[in-house]
Amino acid sequence: MERKIIQTSDGSKSLYLPEHDETYHSRHGALQEAYHVFIRSGLDLFGDGTEVRILEMGFGTGLNCFITWLEAQSRNLRIHYCGLEAYPVSIEMAVELDYPVALRHEESQSLFESLHKSPWDRNVVIDENFELRKVKGLLTDFNETATYDLVYFDAFGPRVQPELWTETVFEKMYRALDQKGVLVTYSAKGSVRRALQAVGFEVERLPGPPGKREMLRGTKGPEML
């Protein structure tokens, strides 16, 4: 899979897949999108000093994981983070993205690299507040129940990977969440909203990040499927 590094409108970098004409993050701003969708609309629902179990669908460049680690440091959060990824990004390419520099956390460069260097399919203690497990594999092989509080659903868009935006997949996400768990995604397509609702999520349309009018957030109700 060919990947090229591009610059987005907020000055941060992302990856581009020429074969699919798809980017890993919004061209309008990789950092702005990540913070708006996953931190401000997801992680910020949990109070300072709490324990949060997070599943990321699409570990990718490690940006979402890294900014979650930064939030854990500043808010004394205890994070258990699982990143599911079928096509890992090389450590060399991840380093070229310069996310610690873009975020003005140059002193955390080695930490960012450690997220990518950590072994797959093992629980790794990054520091006293952050535990990481990266799972290399397909979402079709993923089956967990009542394990997470928050899902970052950051798969490639429905145009490129329509099979990941179906009721079957969102039922897996619903089951993986504990009661009142939350799923956030940058997508606002009607078909995505309807699929989330069909499996039991209470769905909200929220203002989207720069370049997008809306995004979606789903909350798991008190009864499991």
# chains A, B, ... in the order shown; residues from 1 in each chain; ligands from 1
call {"tool": "closest_atom_pairs", "arguments": {"of": "range 23-54 of chain A", "to": "range 145-160 of chain A", "cutoff": "8 Å", "atoms": "only C-alpha atoms", "output": "JSON lines"}}
result
{"residue": "A:Tyr24", "atom": "CA", "partner": "A:Phe156", "partner_atom": "CA", "distance": 7.1}
{"residue": "A:Phe38", "atom": "CA", "partner": "A:Tyr152", "partner_atom": "CA", "distance": 6.2}
{"residue": "A:Gly42", "atom": "CA", "partner": "A:Leu150", "partner_atom": "CA", "distance": 7.1}
{"residue": "A:Leu43", "atom": "CA", "partner": "A:Leu150", "partner_atom": "CA", "distance": 7.5}
{"residue": "A:Val52", "atom": "CA", "partner": "A:Asp149", "partner_atom": "CA", "distance": 6.1}
{"residue": "A:Arg53", "atom": "CA", "partner": "A:Tyr148", "partner_atom": "CA", "distance": 4.8}
{"residue": "A:Ile54", "atom": "CA", "partner": "A:Leu150", "partner_atom": "CA", "distance": 4.9}
call {"tool": "residues_around", "arguments": {"residues": "range 92-106 of chain A", "least_positions_apart": "6", "cutoff": "8 Å", "atoms": "only C-alpha atoms", "output": "list in words"}}
result
Ile5, Gly11, Ser12, Lys13, Ser14, Thr61, Gly62, Leu63, Phe112, Glu113 and His116 of chain A
call {"tool": "atom_distance", "arguments": {"atom1": "CA of Thr140 in chain A", "atom2": "CA of Leu55 in chain A"}}
result
14.9 Å
call {"tool": "residues_around", "arguments": {"residues": "Gly200 in chain A", "least_positions_apart": "6", "cutoff": "12 Å", "atoms": "only C-alpha atoms", "output": "count of residues only"}}
result
23
call {"tool": "closest_residue", "arguments": {"among": "A:Lys136, A:Glu204, A:Lys189, A:Leu31", "to": "Thr166 in chain A", "atoms": "only C-alpha atoms"}}
result
A:Lys189
call {"tool": "atom_distance", "arguments": {"atom1": "CA of Leu139 in chain A", "atom2": "CA of Glu33 in chain A"}}
result
23.0 Å
call {"tool": "closest_residue", "arguments": {"among": "A:Phe46, A:Tyr81, A:Phe59, A:Tyr186", "to": "Phe130 in chain A", "atoms": "only C-alpha atoms"}}
result
A:Tyr81
call {"tool": "atom_distance", "arguments": {"atom1": "CA of Leu77 in chain A", "atom2": "CA of Thr50 in chain A"}}
result
5.3 Å
call {"tool": "closest_residue", "arguments": {"among": "A:Ser41, A:Asn64, A:Gln73, A:Thr168", "to": "His25 in chain A", "atoms": "only C-alpha atoms"}}
result
A:Asn64
call {"tool": "closest_residue", "arguments": {"among": "A:Trp165, A:Leu196, A:Asn123, A:Thr185", "to": "Val37 in chain A", "atoms": "only C-alpha atoms"}}
result
A:Thr185
call {"tool": "closest_residue", "arguments": {"among": "A:Val89, A:Ser9, A:Glu22, A:His80", "to": "Glu51 in chain A", "atoms": "only C-alpha atoms"}}
result
A:His80
call {"tool": "select_by_dssp", "arguments": {"residues": "range 5-150 of chain A", "states": "strand (DSSP E)", "output": "ChimeraX atom specification"}}
result
/A:5-7,13-17,22-23,51-57,78-85,123-127,130-136,148-150
call {"tool": "closest_residue", "arguments": {"among": "A:Pro18, A:Gly58, A:Gly190, A:Pro210", "to": "Gln32 in chain A", "atoms": "only C-alpha atoms"}}
result
A:Pro210
